[in-house]
Amino acid sequence: GALIGSHPLACSTWSFASAPKLRDSVEKLRWAHVLVVMHGGDVSNSVYMRAGSVVVELVNDGFDEAPRGWLDQNRRLLQHSGIRHFRLLLPVDLSIATGSRINWAASWNANGTLRWPPLQRVLSTAILRMPAHRQPLWAAADCDLAGACTPR
């Protein structure tokens, strides 16, 4: 398995939509240290996580130019919860580009690609900065296509 620093990485997939009961999803989230989730309604499930946990919200490149109210709704949801929020941009199919920039409205439903090196950098930033008592050090950060993070 993969390591983040000296920490073994144990991953599992979970579909909130197909979970038999809400209780099952809540139990999974209560024990998760990190939730990696695509921007959208499923991010709101992170409110069930413990303080000090991390949410990595995946956002298609170009959608980061959307009106801040849309883009920051999940960060605002978590800002007083003690759950740390990282936003990672995903590269998308450039055939939807308009001019030199990707159109944010078109990038909303584009197929983004999650690559391991940028995700590994974001996870390293999040996990290695996670103290043993799980209190947040970085409340929120923006992470570029390469996974380099800047605190917000």
# chains A, B, ... in the order shown; residues from 1 in each chain; ligands from 1
call {"tool": "residues_around", "arguments": {"residues": "A:Leu119", "least_positions_apart": "2", "cutoff": "9 Å", "atoms": "only C-alpha atoms", "output": "ChimeraX atom specification"}}
result
/A:56,88,114-117,121-124,146-147
call {"tool": "write_last_selection", "arguments": {"atoms": "N, CA and C atoms", "output": "mmCIF file, in the first residue's frame"}}
result
data_model
loop_
_atom_site.group_PDB
_atom_site.id
_atom_site.type_symbol
_atom_site.label_atom_id
_atom_site.label_comp_id
_atom_site.auth_asym_id
_atom_site.auth_seq_id
_atom_site.Cartn_x
_atom_site.Cartn_y
_atom_site.Cartn_z
ATOM 1 N N VAL A 56 -10.966 16.799 1.082
ATOM 2 C CA VAL A 56 -10.312 17.229 -0.145
ATOM 3 C C VAL A 56 -11.414 17.297 -1.197
ATOM 4 N N LEU A 88 -8.729 20.810 -4.528
ATOM 5 C CA LEU A 88 -7.732 20.377 -5.511
ATOM 6 C C LEU A 88 -8.325 20.498 -6.908
ATOM 7 N N LEU A 114 -8.257 12.679 -11.959
ATOM 8 C CA LEU A 114 -7.565 12.705 -10.676
ATOM 9 C C LEU A 114 -6.292 11.875 -10.818
ATOM 10 N N ARG A 115 -5.157 12.542 -10.724
ATOM 11 C CA ARG A 115 -3.862 11.854 -10.826
ATOM 12 C C ARG A 115 -3.266 11.710 -9.428
ATOM 13 N N TRP A 116 -2.541 10.616 -9.235
ATOM 14 C CA TRP A 116 -1.988 10.316 -7.922
ATOM 15 C C TRP A 116 -0.974 11.361 -7.436
ATOM 16 N N PRO A 117 0.002 11.817 -8.231
ATOM 17 C CA PRO A 117 1.002 12.744 -7.654
ATOM 18 C C PRO A 117 0.407 14.008 -7.021
ATOM 19 N N ARG A 121 0.429 14.817 -2.927
ATOM 20 C CA ARG A 121 0.966 16.049 -2.326
ATOM 21 C C ARG A 121 -0.055 16.702 -1.401
ATOM 22 N N VAL A 122 -1.313 16.737 -1.826
ATOM 23 C CA VAL A 122 -2.357 17.324 -0.974
ATOM 24 C C VAL A 122 -2.528 16.492 0.295
ATOM 25 N N LEU A 123 -2.593 15.175 0.151
ATOM 26 C CA LEU A 123 -2.734 14.309 1.325
ATOM 27 C C LEU A 123 -1.540 14.456 2.262
ATOM 28 N N SER A 124 -0.340 14.563 1.693
ATOM 29 C CA SER A 124 0.848 14.761 2.530
ATOM 30 C C SER A 124 0.740 16.065 3.310
ATOM 31 N N ALA A 146 -0.887 20.803 -9.729
ATOM 32 C CA ALA A 146 0.242 19.983 -9.327
ATOM 33 C C ALA A 146 0.119 19.512 -7.884
ATOM 34 N N GLY A 147 -0.899 20.004 -7.168
ATOM 35 C CA GLY A 147 -1.098 19.605 -5.776
ATOM 36 C C GLY A 147 -0.389 20.502 -4.778
#
call {"tool": "select_by_dssp", "arguments": {"residues": "stretch 3-151 of chain A", "states": "alpha helix (DSSP H)", "output": "MDAnalysis selection string"}}
result
chainID A and resid 22:31 68:71 73:78 104:107 116:128
call {"tool": "write_last_selection", "arguments": {"atoms": "C-alpha atoms", "output": "mmCIF file, in the first residue's frame"}}
result
data_model
loop_
_atom_site.group_PDB
_atom_site.id
_atom_site.type_symbol
_atom_site.label_atom_id
_atom_site.label_comp_id
_atom_site.auth_asym_id
_atom_site.auth_seq_id
_atom_site.Cartn_x
_atom_site.Cartn_y
_atom_site.Cartn_z
ATOM 1 C CA LEU A 22 -27.968 7.193 6.457
ATOM 2 C CA ARG A 23 -26.597 5.686 9.661
ATOM 3 C CA ASP A 24 -24.127 3.619 7.590
ATOM 4 C CA SER A 25 -22.741 6.713 5.874
ATOM 5 C CA VAL A 26 -22.530 8.646 9.139
ATOM 6 C CA GLU A 27 -20.618 5.788 10.779
ATOM 7 C CA LYS A 28 -18.121 5.651 7.879
ATOM 8 C CA LEU A 29 -17.585 9.404 8.029
ATOM 9 C CA ARG A 30 -17.176 9.521 11.810
ATOM 10 C CA TRP A 31 -14.129 7.237 11.518
ATOM 11 C CA ARG A 68 -17.299 32.554 -5.320
ATOM 12 C CA GLY A 69 -20.685 31.882 -3.742
ATOM 13 C CA TRP A 70 -20.889 28.561 -5.568
ATOM 14 C CA LEU A 71 -17.281 27.606 -5.191
ATOM 15 C CA GLN A 73 -20.242 27.079 -0.230
ATOM 16 C CA ASN A 74 -18.634 23.894 1.114
ATOM 17 C CA ARG A 75 -15.705 25.717 2.707
ATOM 18 C CA ARG A 76 -18.180 28.041 4.446
ATOM 19 C CA LEU A 77 -20.217 25.024 5.586
ATOM 20 C CA LEU A 78 -17.147 23.592 7.321
ATOM 21 C CA TRP A 104 -16.250 27.621 -15.921
ATOM 22 C CA ALA A 105 -19.841 26.801 -16.902
ATOM 23 C CA ALA A 106 -18.654 24.127 -19.359
ATOM 24 C CA SER A 107 -16.108 22.724 -16.914
ATOM 25 C CA TRP A 116 -1.988 10.316 -7.922
ATOM 26 C CA PRO A 117 1.002 12.744 -7.654
ATOM 27 C CA PRO A 118 -1.098 15.899 -7.006
ATOM 28 C CA LEU A 119 -3.450 14.002 -4.666
ATOM 29 C CA GLN A 120 -0.459 12.537 -2.836
ATOM 30 C CA ARG A 121 0.966 16.049 -2.326
ATOM 31 C CA VAL A 122 -2.357 17.324 -0.974
ATOM 32 C CA LEU A 123 -2.734 14.309 1.325
ATOM 33 C CA SER A 124 0.848 14.761 2.530
ATOM 34 C CA THR A 125 0.170 18.416 3.301
ATOM 35 C CA ALA A 126 -3.058 17.539 5.115
ATOM 36 C CA ILE A 127 -1.937 14.419 6.979
ATOM 37 C CA LEU A 128 1.554 15.482 7.956
#
call {"tool": "residues_around", "arguments": {"residues": "stretch 34-45 of chain A", "least_positions_apart": "4", "cutoff": "6 Å", "atoms": "only C-alpha atoms", "output": "PyMOL selection string"}}
result
chain A and resi 53-59
call {"tool": "atom_distance", "arguments": {"atom1": "atom CA of A:Arg84", "atom2": "atom CA of A:Leu9"}}
result
18.4 Å
call {"tool": "atom_distance", "arguments": {"atom1": "atom CA of A:Cys149", "atom2": "atom CA of A:Leu90"}}
result
13.5 Å
call {"tool": "atom_distance", "arguments": {"atom1": "atom CA of A:Ser46", "atom2": "atom CA of A:Trp14"}}
result
12.8 Å
call {"tool": "closest_residue", "arguments": {"among": "A:Cys11, A:Val92, A:Ala32, A:Val47", "to": "A:Thr113", "atoms": "only C-alpha atoms"}}
result
A:Val92
call {"tool": "select_by_dssp", "arguments": {"residues": "chain A", "states": "strand (DSSP E or B)", "output": "VMD selection string"}}
result
chain A and resid 3 to 4 7 to 8 34 to 38 54 to 60 84 to 90 92 97 to 98 101 to 102 112 140 to 143 149 to 151
